[in-house]
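Q: Structure: entry.csv, CSV, C-alpha atoms (C1' of nucleotides).
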chain,number,residue,atom,x,y,z
A,508,MET,CA,7.9,-4.9,52.8
A,509,LYS,CA,11.7,-5.2,52.8
A,510,THR,CA,13.2,-7.0,49.9
A,511,ALA,CA,16.7,-7.9,48.9
A,512,PHE,CA,16.6,-5.0,46.5
A,513,LEU,CA,17.2,-1.6,48.1
A,514,ASP,CA,15.0,1.3,47.2
A,515,LYS,CA,16.3,3.2,44.2
A,516,GLY,CA,16.3,6.4,46.2
A,517,HIS,CA,18.6,5.0,49.0
A,518,ASP,CA,21.7,6.9,50.0
A,519,HIS,CA,24.3,4.9,48.2
A,520,GLY,CA,27.1,6.8,49.9
A,521,ASP,CA,26.0,5.0,53.0
A,522,CYS,CA,26.4,1.6,51.3
A,523,ILE,CA,29.9,2.5,50.2
A,524,GLN,CA,30.9,3.9,53.6
A,525,ALA,CA,29.5,0.9,55.4
A,526,ALA,CA,31.3,-1.5,53.1
A,527,LEU,CA,34.6,0.2,53.7
A,528,ASN,CA,34.1,0.4,57.4
A,529,ALA,CA,33.2,-3.3,57.6
A,530,ALA,CA,36.3,-4.1,55.5
A,531,GLU,CA,38.5,-2.3,57.9
A,532,VAL,CA,37.0,-4.2,60.8
A,533,VAL,CA,37.2,-7.6,59.0
A,534,CYS,CA,40.8,-7.1,58.0
A,535,GLN,CA,41.9,-6.0,61.4
A,536,LYS,CA,40.2,-9.0,62.9
A,537,GLN,CA,41.8,-11.4,60.4
A,538,LYS,CA,45.2,-9.6,60.5
A,539,ALA,CA,44.9,-8.9,56.8
A,540,ARG,CA,46.1,-5.8,55.1
A,541,LEU,CA,43.6,-3.6,53.4
A,542,THR,CA,46.2,-1.9,51.1
A,543,PRO,CA,45.3,1.2,49.1
A,544,ILE,CA,44.7,-0.8,45.9
A,545,ARG,CA,42.5,-3.4,47.7
A,546,ARG,CA,40.6,-0.6,49.4
A,547,ARG,CA,40.1,1.3,46.2
A,548,VAL,CA,39.0,-1.8,44.3
A,549,LEU,CA,36.5,-2.6,47.0
A,550,GLU,CA,35.2,1.0,46.8
A,551,LEU,CA,34.9,0.7,43.0
A,552,VAL,CA,33.1,-2.6,43.2
A,553,TRP,CA,30.7,-0.7,45.5
A,554,ARG,CA,30.1,2.0,42.9
A,555,GLY,CA,26.6,0.5,42.6
A,556,HIS,CA,24.7,-2.7,43.2
A,557,ALA,CA,25.4,-4.1,39.7
A,558,PRO,CA,28.4,-6.4,39.3
A,559,VAL,CA,31.4,-4.9,37.7
A,560,GLY,CA,33.9,-6.5,35.4
A,561,ALA,CA,37.6,-6.7,36.2
A,562,TYR,CA,38.7,-4.8,33.1
A,563,GLU,CA,36.1,-2.1,33.9
A,564,LEU,CA,37.8,-1.7,37.3
A,565,LEU,CA,41.2,-1.7,35.5
A,566,GLN,CA,40.2,1.1,33.3
A,567,ILE,CA,38.9,3.3,36.1
A,568,LEU,CA,42.2,2.7,38.0
A,569,LYS,CA,44.2,3.6,35.0
A,570,ASP,CA,42.2,6.9,34.7
A,571,GLU,CA,43.2,7.6,38.3
A,572,GLY,CA,46.9,7.1,37.7
A,573,PHE,CA,47.3,3.8,39.5
A,574,ASN,CA,48.3,2.3,36.1
A,575,PRO,CA,47.9,-1.3,37.1
A,576,ALA,CA,48.1,-4.5,34.9
A,577,PRO,CA,45.3,-7.1,35.1
A,578,PRO,CA,47.0,-9.2,37.8
A,579,THR,CA,46.9,-6.3,40.2
A,580,VAL,CA,43.1,-6.1,39.9
A,581,TYR,CA,42.6,-9.8,40.0
A,582,ARG,CA,44.7,-10.2,43.0
A,583,ALA,CA,42.8,-7.5,44.8
A,584,LEU,CA,39.5,-9.1,43.9
A,585,ASP,CA,40.8,-12.5,45.0
A,586,PHE,CA,41.8,-11.0,48.3
A,587,LEU,CA,38.4,-9.4,48.8
A,588,ILE,CA,36.6,-12.6,47.9
A,589,GLN,CA,38.9,-14.6,50.3
A,590,HIS,CA,37.9,-12.3,53.1
A,591,GLY,CA,34.2,-12.3,52.4
A,592,LEU,CA,34.0,-8.8,51.1
A,593,VAL,CA,33.1,-9.5,47.5
A,594,HIS,CA,31.3,-12.2,45.5
A,595,ARG,CA,32.0,-13.3,42.0
A,596,ILE,CA,29.0,-13.7,39.7
A,597,SER,CA,30.2,-16.3,37.3
A,598,SER,CA,27.4,-16.0,34.8
A,599,LEU,CA,28.5,-12.4,34.3
A,600,ASN,CA,32.2,-12.7,34.8
A,601,ALA,CA,31.8,-9.9,37.2
A,602,PHE,CA,32.1,-8.9,40.8
A,603,VAL,CA,29.8,-7.4,43.4
A,604,GLY,CA,30.1,-6.2,47.0
A,605,CYS,CA,29.0,-8.7,49.6
A,606,SER,CA,26.0,-7.7,51.7
A,607,ARG,CA,27.2,-9.5,54.8
A,608,PRO,CA,30.9,-8.7,54.9
A,609,GLY,CA,33.3,-10.8,56.8
A,610,ASP,CA,30.9,-13.7,57.2
A,611,VAL,CA,32.4,-15.9,54.5
A,612,HIS,CA,29.4,-17.5,52.8
A,613,ASP,CA,28.0,-18.6,49.5
A,614,GLY,CA,26.4,-16.1,47.2
A,615,THR,CA,22.7,-16.4,46.2
A,616,PHE,CA,21.6,-13.6,43.9
A,617,LEU,CA,18.6,-12.2,42.1
A,618,ILE,CA,20.0,-10.4,39.1
A,619,CYS,CA,17.9,-7.8,37.2
A,620,ARG,CA,18.7,-7.9,33.5
A,621,THR,CA,17.3,-4.4,33.1
A,622,CYS,CA,19.2,-2.3,35.7
A,623,GLY,CA,21.9,-4.9,36.3
A,624,THR,CA,21.4,-4.9,40.1
A,625,ALA,CA,22.5,-8.1,41.8
A,626,ALA,CA,20.6,-8.5,45.1
A,627,GLU,CA,22.0,-10.9,47.5
A,628,MET,CA,19.4,-13.2,49.2
A,629,LEU,CA,20.5,-13.3,52.8
A,630,ASP,CA,17.7,-15.7,53.6
A,631,GLN,CA,19.1,-19.1,54.3
A,632,THR,CA,16.2,-21.1,52.8
A,633,VAL,CA,17.7,-21.6,49.4
A,634,LEU,CA,21.0,-22.8,50.8
A,635,GLY,CA,19.2,-25.0,53.2
A,636,THR,CA,17.3,-26.7,50.5
A,637,ILE,CA,20.5,-27.2,48.5
A,638,GLY,CA,22.1,-28.6,51.5
A,639,ASP,CA,19.3,-31.1,51.9
A,640,MET,CA,19.6,-32.1,48.3
A,641,ALA,CA,23.3,-32.6,48.7
A,642,LEU,CA,22.7,-34.7,51.8
A,643,SER,CA,20.2,-36.9,50.0
A,644,ASN,CA,22.7,-37.4,47.2
A,645,LYS,CA,25.5,-38.2,49.7
A,646,PHE,CA,27.3,-35.3,48.3
A,647,SER,CA,29.8,-33.5,50.5
A,648,LEU,CA,29.1,-29.8,49.8
A,649,SER,CA,31.9,-27.2,49.7
A,650,HIS,CA,30.3,-24.1,48.1
A,651,VAL,CA,27.2,-23.1,46.2
A,652,SER,CA,26.4,-20.5,43.6
A,653,VAL,CA,22.9,-19.4,42.9
A,654,GLU,CA,22.3,-16.9,40.2
A,655,ALA,CA,18.7,-16.1,39.2
A,656,VAL,CA,18.1,-13.8,36.4
A,657,GLY,CA,14.9,-11.8,35.8
A,658,VAL,CA,13.5,-8.3,36.2
A,659,CYS,CA,13.3,-6.5,39.5
A,660,VAL,CA,10.1,-4.8,40.7
A,661,ASP,CA,11.4,-1.3,40.1
A,662,CYS,CA,12.2,-2.0,36.5
A,663,ARG,CA,9.0,-3.8,35.9
A,664,ASP,CA,6.8,-1.1,37.4
A,665,GLY,CA,8.8,2.0,36.8
A,666,ASP,CA,10.4,1.6,33.5
A,667,ARG,CA,13.6,2.9,35.0
A,668,THR,CA,16.9,1.6,33.7
A,669,GLU,CA,19.7,2.6,36.0
A,670,VAL,CA,20.6,2.1,39.6
B,851,MET,CA,18.9,-45.3,47.0
B,852,LYS,CA,18.9,-43.6,43.6
B,853,THR,CA,21.0,-40.4,43.5
B,854,ALA,CA,21.7,-37.8,40.9
B,855,PHE,CA,25.0,-39.5,40.4
B,856,LEU,CA,25.0,-42.6,38.3
B,857,ASP,CA,26.9,-45.6,39.4
B,858,LYS,CA,30.5,-45.6,38.1
B,859,GLY,CA,29.9,-48.9,36.5
B,860,HIS,CA,27.0,-47.8,34.4
B,861,ASP,CA,27.0,-48.5,30.7
B,862,HIS,CA,27.8,-45.1,29.4
B,863,GLY,CA,27.2,-46.1,25.8
B,864,ASP,CA,23.5,-46.2,26.8
B,865,CYS,CA,23.7,-42.7,28.0
B,866,ILE,CA,25.1,-41.5,24.7
B,867,GLN,CA,22.7,-43.5,22.7
B,868,ALA,CA,19.7,-42.2,24.7
B,869,ALA,CA,20.9,-38.6,24.4
B,870,LEU,CA,21.2,-38.9,20.6
B,871,ASN,CA,17.9,-40.6,20.3
B,872,ALA,CA,16.2,-38.0,22.4
B,873,ALA,CA,17.9,-35.3,20.4
B,874,GLU,CA,16.4,-36.8,17.1
B,875,VAL,CA,13.0,-36.8,18.6
B,876,VAL,CA,13.2,-33.3,20.1
B,877,CYS,CA,14.5,-31.8,16.8
B,878,GLN,CA,11.9,-33.5,14.8
B,879,LYS,CA,9.2,-32.2,17.1
B,880,GLN,CA,10.6,-28.7,17.0
B,881,LYS,CA,11.3,-28.8,13.3
B,882,ALA,CA,15.0,-28.1,14.0
B,883,ARG,CA,17.8,-29.7,12.1
B,884,LEU,CA,20.2,-31.9,13.9
B,885,THR,CA,23.0,-31.4,11.4
B,886,PRO,CA,26.2,-33.6,11.4
B,887,ILE,CA,28.2,-31.1,13.4
B,888,ARG,CA,25.4,-30.5,15.9
B,889,ARG,CA,25.0,-34.2,16.3
B,890,ARG,CA,28.7,-34.8,16.7
B,891,VAL,CA,29.1,-32.0,19.2
B,892,LEU,CA,26.2,-33.4,21.3
B,893,GLU,CA,27.8,-36.8,21.1
B,894,LEU,CA,31.1,-35.3,22.3
B,895,VAL,CA,29.5,-33.4,25.1
B,896,TRP,CA,28.2,-36.8,26.2
B,897,ARG,CA,31.6,-38.3,26.3
B,898,GLY,CA,31.2,-38.4,30.0
B,899,HIS,CA,29.3,-36.8,32.8
B,900,ALA,CA,31.9,-34.1,33.4
B,901,PRO,CA,31.4,-30.7,31.6
B,902,VAL,CA,33.6,-30.2,28.6
B,903,GLY,CA,35.1,-26.9,27.4
B,904,ALA,CA,34.4,-25.5,23.9
B,905,TYR,CA,38.0,-25.6,22.9
B,906,GLU,CA,38.3,-29.1,24.1
B,907,LEU,CA,35.5,-30.0,21.7
B,908,LEU,CA,37.1,-28.0,19.0
B,909,GLN,CA,40.4,-29.9,19.3
B,910,ILE,CA,38.6,-33.3,19.1
B,911,LEU,CA,36.7,-32.2,16.0
B,912,LYS,CA,40.0,-31.0,14.4
B,913,ASP,CA,41.5,-34.4,15.0
B,914,GLU,CA,38.6,-35.9,13.2
B,915,GLY,CA,39.0,-33.8,10.1
B,916,PHE,CA,36.0,-31.4,10.6
B,917,ASN,CA,38.4,-28.6,11.0
B,918,PRO,CA,36.1,-26.0,12.5
B,919,ALA,CA,36.8,-22.6,13.9
B,920,PRO,CA,35.5,-21.6,17.3
B,921,PRO,CA,32.2,-20.1,16.0
B,922,THR,CA,31.2,-23.4,14.6
B,923,VAL,CA,31.4,-25.1,18.0
B,924,TYR,CA,29.8,-22.2,19.8
B,925,ARG,CA,27.0,-22.2,17.4
B,926,ALA,CA,26.4,-25.9,17.8
B,927,LEU,CA,26.5,-25.5,21.5
B,928,ASP,CA,24.1,-22.6,21.4
B,929,PHE,CA,21.7,-24.6,19.3
B,930,LEU,CA,21.9,-27.5,21.7
B,931,ILE,CA,21.3,-25.3,24.6
B,932,GLN,CA,18.3,-23.5,22.9
B,933,HIS,CA,16.7,-26.9,22.3
B,934,GLY,CA,17.2,-28.1,25.8
B,935,LEU,CA,19.8,-30.7,25.0
B,936,VAL,CA,22.8,-29.2,26.8
B,937,HIS,CA,23.5,-27.0,29.8
B,938,ARG,CA,26.2,-24.5,30.3
B,939,ILE,CA,28.1,-24.6,33.6
B,940,SER,CA,29.2,-21.0,34.0
B,941,SER,CA,31.5,-21.5,36.9
B,942,LEU,CA,33.5,-23.9,34.7
B,943,ASN,CA,33.0,-22.3,31.3
B,944,ALA,CA,32.0,-25.7,30.2
B,945,PHE,CA,29.1,-27.7,28.8
B,946,VAL,CA,27.3,-30.8,29.9
B,947,GLY,CA,24.5,-33.0,28.4
B,948,CYS,CA,21.0,-32.4,29.8
B,949,SER,CA,19.5,-35.2,31.8
B,950,ARG,CA,15.9,-34.3,30.7
B,951,PRO,CA,16.4,-33.5,27.0
B,952,GLY,CA,13.8,-31.5,25.3
B,953,ASP,CA,12.2,-30.2,28.4
B,954,VAL,CA,13.8,-26.7,28.4
B,955,HIS,CA,14.5,-26.0,32.1
B,956,ASP,CA,17.0,-24.5,34.4
B,957,GLY,CA,20.1,-26.4,35.4
B,958,THR,CA,20.8,-27.3,39.0
B,959,PHE,CA,24.0,-29.2,39.5
B,960,LEU,CA,26.1,-31.0,42.0
B,961,ILE,CA,29.6,-30.9,40.7
B,962,CYS,CA,32.3,-33.1,42.0
B,963,ARG,CA,35.7,-31.4,42.2
B,964,THR,CA,37.5,-34.7,42.2
B,965,CYS,CA,36.0,-36.7,39.2
B,966,GLY,CA,34.5,-33.6,37.5
B,967,THR,CA,31.0,-35.2,37.3
B,968,ALA,CA,28.2,-32.7,37.2
B,969,ALA,CA,25.0,-34.4,38.3
B,970,GLU,CA,21.8,-32.7,37.5
B,971,MET,CA,19.3,-32.5,40.3
B,972,LEU,CA,16.0,-33.2,38.6
B,973,ASP,CA,14.2,-32.7,41.9
B,974,GLN,CA,12.2,-29.4,41.7
B,975,THR,CA,12.6,-28.5,45.4
B,976,VAL,CA,15.5,-26.2,44.9
B,977,LEU,CA,13.9,-24.3,42.0
B,978,GLY,CA,10.7,-24.1,43.9
B,979,THR,CA,12.5,-22.5,46.8
B,980,ILE,CA,14.2,-20.0,44.6
B,981,GLY,CA,10.8,-19.3,42.9
B,982,ASP,CA,9.4,-18.5,46.4
B,983,MET,CA,12.3,-16.2,47.2
B,984,ALA,CA,11.8,-14.4,43.9
B,985,LEU,CA,8.1,-14.0,44.6
B,986,SER,CA,8.7,-12.6,48.0
B,987,ASN,CA,11.1,-10.1,46.5
B,988,LYS,CA,8.6,-9.2,43.7
B,989,PHE,CA,11.2,-10.4,41.3
B,990,SER,CA,10.1,-11.7,37.9
B,991,LEU,CA,12.2,-14.8,37.4
B,992,SER,CA,13.5,-15.8,34.0
B,993,HIS,CA,16.1,-18.4,34.6
B,994,VAL,CA,18.2,-19.8,37.4
B,995,SER,CA,21.6,-21.4,37.6
B,996,VAL,CA,22.5,-23.5,40.7
B,997,GLU,CA,26.1,-24.9,40.8
B,998,ALA,CA,27.1,-26.7,43.9
B,999,VAL,CA,30.7,-27.8,44.2
B,1000,GLY,CA,31.9,-30.6,46.5
B,1001,VAL,CA,32.9,-34.2,46.5
B,1002,CYS,CA,30.6,-37.0,45.3
B,1003,VAL,CA,30.1,-40.2,47.4
B,1004,ASP,CA,32.2,-42.4,45.1
B,1005,CYS,CA,35.2,-40.1,45.3
B,1006,ARG,CA,34.8,-39.7,49.0
B,1007,ASP,CA,34.5,-43.4,49.7
B,1008,GLY,CA,36.4,-45.0,46.9
B,1009,ASP,CA,39.4,-42.8,46.2
B,1010,ARG,CA,38.7,-43.1,42.5
B,1011,THR,CA,39.4,-40.2,40.3
B,1012,GLU,CA,37.8,-40.7,36.9
B,1013,VAL,CA,34.3,-41.2,35.6
C,514,DT,C1',70.0,-4.1,60.5
C,515,DA,C1',69.3,-8.5,58.5
C,516,DT,C1',66.0,-11.6,57.0
C,517,DA,C1',61.7,-13.5,55.8
C,518,DT,C1',57.3,-12.7,54.0
C,519,DA,C1',53.7,-10.3,51.7
C,520,DA,C1',52.3,-7.3,48.2
C,521,DT,C1',52.8,-5.2,43.9
C,522,DG,C1',54.9,-4.3,39.3
C,523,DT,C1',55.8,-6.0,34.7
C,524,DT,C1',55.8,-8.7,30.6
C,525,DA,C1',53.9,-12.1,28.1
C,526,DT,C1',50.5,-15.3,27.0
C,527,DA,C1',46.6,-18.5,27.9
C,528,DA,C1',41.7,-19.4,27.6
C,529,DT,C1',37.2,-18.2,26.4
C,530,DA,C1',34.0,-16.0,23.3
C,531,DT,C1',32.0,-13.1,19.5
C,532,DA,C1',31.7,-9.8,15.3
C,533,DA,C1',31.4,-9.5,10.6
C,534,DC,C1',31.0,-11.1,6.2
C,535,DA,C1',31.4,-14.9,2.6
C,536,DA,C1',30.0,-19.2,0.9
C,537,DT,C1',27.0,-23.1,0.7
C,538,DA,C1',23.1,-25.9,1.7
C,539,DT,C1',18.2,-26.4,2.3
C,540,DG,C1',13.5,-25.4,1.9
C,541,DT,C1',9.7,-23.0,-0.5
C,542,DT,C1',7.1,-21.0,-4.0
C,543,DA,C1',6.1,-19.6,-8.6
D,915,DT,C1',12.5,-27.0,-12.3
D,916,DA,C1',14.1,-22.3,-11.6
D,917,DA,C1',14.2,-18.5,-8.6
D,918,DC,C1',14.2,-17.0,-4.3
D,919,DA,C1',14.4,-16.8,0.7
D,920,DT,C1',16.3,-18.7,4.8
D,921,DA,C1',19.3,-21.4,7.6
D,922,DT,C1',23.7,-23.2,8.3
D,923,DT,C1',28.5,-23.3,8.0
D,924,DG,C1',33.1,-21.4,6.7
D,925,DT,C1',36.6,-18.0,7.5
D,926,DT,C1',39.2,-14.2,9.3
D,927,DA,C1',39.9,-11.3,12.7
D,928,DT,C1',39.5,-9.7,17.1
D,929,DA,C1',37.3,-8.9,21.8
D,930,DT,C1',37.1,-10.3,26.5
D,931,DT,C1',38.5,-12.6,30.6
D,932,DA,C1',42.2,-14.6,33.3
D,933,DT,C1',46.8,-16.4,34.7
D,934,DA,C1',51.9,-17.7,34.6
D,935,DA,C1',56.3,-16.4,35.7
D,936,DC,C1',59.6,-13.6,37.4
D,937,DA,C1',61.3,-8.9,39.2
D,938,DT,C1',60.8,-5.3,42.5
D,939,DT,C1',59.3,-3.0,46.5
D,940,DA,C1',57.1,-2.7,51.0
D,941,DT,C1',56.2,-4.5,55.6
D,942,DA,C1',56.8,-7.2,59.6
D,943,DT,C1',59.8,-9.7,62.8
D,944,DA,C1',63.9,-11.5,64.8
Can I see the file as structure tokens?
A:
Amino acid sequence: MKTAFLDKGHDHGDCIQAALNAAEVVCQKQKARLTPIRRRVLELVWRGHAPVGAYELLQILKDEGFNPAPPTVYRALDFLIQHGLVHRISSLNAFVGCSRPGDVHDGTFLICRTCGTAAEMLDQTVLGTIGDMALSNKFSLSHVSVEAVGVCVDCRDGDRTEV
Amino acid sequence: MKTAFLDKGHDHGDCIQAALNAAEVVCQKQKARLTPIRRRVLELVWRGHAPVGAYELLQILKDEGFNPAPPTVYRALDFLIQHGLVHRISSLNAFVGCSRPGDVHDGTFLICRTCGTAAEMLDQTVLGTIGDMALSNKFSLSHVSVEAVGVCVDCRDGDRTEV
DNA sequence: TATATAATGTTATAATATAACAATATGTTA
DNA sequence: TAACATATTGTTATATTATAACATTATATA
């Protein structure tokens, strides 16, 4: 059965490539500029499926010679979030690539505390339920964040610890 | 119809009193000590129905002569969270009183961006749906945070801005 | 080219949170 | 009660995350 968690043996290069390709398309469509820094930050966010902190990104960029200050990274992240390419995981103060790039939507995540993976639930059921609750409370909904922490099946079964 | 949002005209003194009473009961039951600082922090968190930041609490305590450093407040908040008396709203880095004290449970909130009120949805539907999603992803769930931002009915209708 | 706009660079600082160790208070047992 | 163990709070320092404000550079458009 297909789950929100990818197989640990998946070709992650494909994930990165797909994310970058999608970003090009999205930016072209929205007449937004995927500058080198923005592109590189997106690529780094896609290093894996575990959310990455802004200062972690900053350190990597420094090692590469970009030598940016915090605002540079935060701006890039803001841009990527605005354009539906990245989600912020507020319980972790960290950022993760969006699984449905370009379609700006709310993030609903299952986050494994062992391997760090944040799997986006693309199923609309959860958001639908929250929408219903909002409606019955006469609450005009803008955006929703769902962050569920636990242990993914691979970490439970396999005692593995890294993505 | 009853909603998760209380009427703006409600007697908030009752809310505070109920929260403190419940805290006494809970702590007695759990053989935990509701020390003066913990009690005072809880009372301050219950100043209103809008989440309060740790440094905001810190400032109030300073004005009262407690003169605490940040760890004091964070420890009190941790204690209150552990015992199911307070929830942390991670998208706001702030804390709010729990509507069902003592029953340790996950927080699901509707947060009004106008008046700041965070109304806890005590209905179990949302958590049930997330539980189902976890199950179908073979994900062993520990805890969930749902934070939905929008505008509450009073702020939409009444153009009021404070709780 | 001139001009406007967008993006990035740079410096400083704000806001949130925790580590580490000392001191004090409380509960428990001999 | 005295001695001890444990829990709580005090204190200092610092880590971590994020933004304000203004200067500079790049890009797009008239």
Q: Please identify all residues of chain A having at least one atom at most 10 Å from any atom of chain C, considering only C-alpha atoms (C1' of nucleotides), and return them as a PyMOL selection string.
A: chain A and resi 540+542+544+574-576+578-579+582
Q: Find the nearest atom pair between each residue of chain A and chain B for residues within 7 Å, count only C-alpha atoms, give distances in Å to one decimal, sort rows by chain and ascending number, and present the table as CSV.
A:
residue,atom,partner,partner_atom,distance
A:Thr510,CA,B:Asn987,CA,5.1
A:Ala511,CA,B:Asn987,CA,6.5
A:Ser597,CA,B:Ser941,CA,5.4
A:Ser598,CA,B:Ser940,CA,5.4
A:Val633,CA,B:Thr979,CA,5.9
A:Thr636,CA,B:Val976,CA,5.9
A:Ile637,CA,B:Val976,CA,6.2
A:Asn644,CA,B:Thr853,CA,5.1
A:Lys645,CA,B:Val1003,CA,5.5
A:Phe646,CA,B:Cys1002,CA,4.8
A:Ser647,CA,B:Val1001,CA,5.1
A:Leu648,CA,B:Gly1000,CA,4.4
A:Ser649,CA,B:Gly1000,CA,4.7
A:His650,CA,B:Val999,CA,5.4
A:Val651,CA,B:Ala998,CA,4.3
A:Ser652,CA,B:Glu997,CA,5.2
A:Val653,CA,B:Val996,CA,4.7
A:Glu654,CA,B:Ser995,CA,5.2
A:Ala655,CA,B:Val994,CA,4.1
A:Val656,CA,B:His993,CA,5.3
A:Gly657,CA,B:Leu991,CA,4.3
A:Val658,CA,B:Ser990,CA,5.1
A:Cys659,CA,B:Phe989,CA,4.8
A:Val660,CA,B:Lys988,CA,5.5
Q: With the cut-off set at 10 Å and counting only C-alpha atoms (C1' of nucleotides), tabulate each residue of chain D with an atom at most that distance from an atom of chain A, showing the nearest atom pair and its distance in Å to one decimal, ordered by chain and increasing number, as JSON lines.
A:
{"residue": "D:DT930", "atom": "C1'", "partner": "A:Tyr562", "partner_atom": "CA", "distance": 8.7}
{"residue": "D:DT931", "atom": "C1'", "partner": "A:Asn600", "partner_atom": "CA", "distance": 7.6}
{"residue": "D:DA932", "atom": "C1'", "partner": "A:Tyr581", "partner_atom": "CA", "distance": 8.3}
{"residue": "D:DT933", "atom": "C1'", "partner": "A:Pro578", "partner_atom": "CA", "distance": 7.8}
Q: When you draw a straight line from atom CA of A:Cys622 to atom CA of A:Lys515, how long is it in Å?
A: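 Separation of atom CA of A:Cys622 and atom CA of A:Lys515: 10.5 Å.
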Q: One decimal, in Å: what's the spacing between atom CA of A:Leu549 and atom CA of A:Thr621?
A: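 If I compute the distance from atom CA of A:Leu549 to atom CA of A:Thr621, I get 23.8 Å.
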Q: Using Å and a single decimal, report how far atom CA of A:Ser606 sits from atom CA of A:Pro543.
A: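 Atom CA of A:Ser606 lies 21.4 Å from atom CA of A:Pro543.
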Q: For B:His862, which residue among B:Lys879, B:His937, B:Arg890, B:Arg897 is the nearest when counting all atoms listed in the file?
A: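 Closest to B:His862 of all the choices is B:Arg897.
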Q: (28.7, -4.1, 45.9) in this file's frame - what residues fall within 10 Å of it? Use only C-alpha atoms (C1' of nucleotides) and give the answer as a PyMOL selection string.
A: chain A and resi 522-523+526+549-559+592-594+602-606+624-627
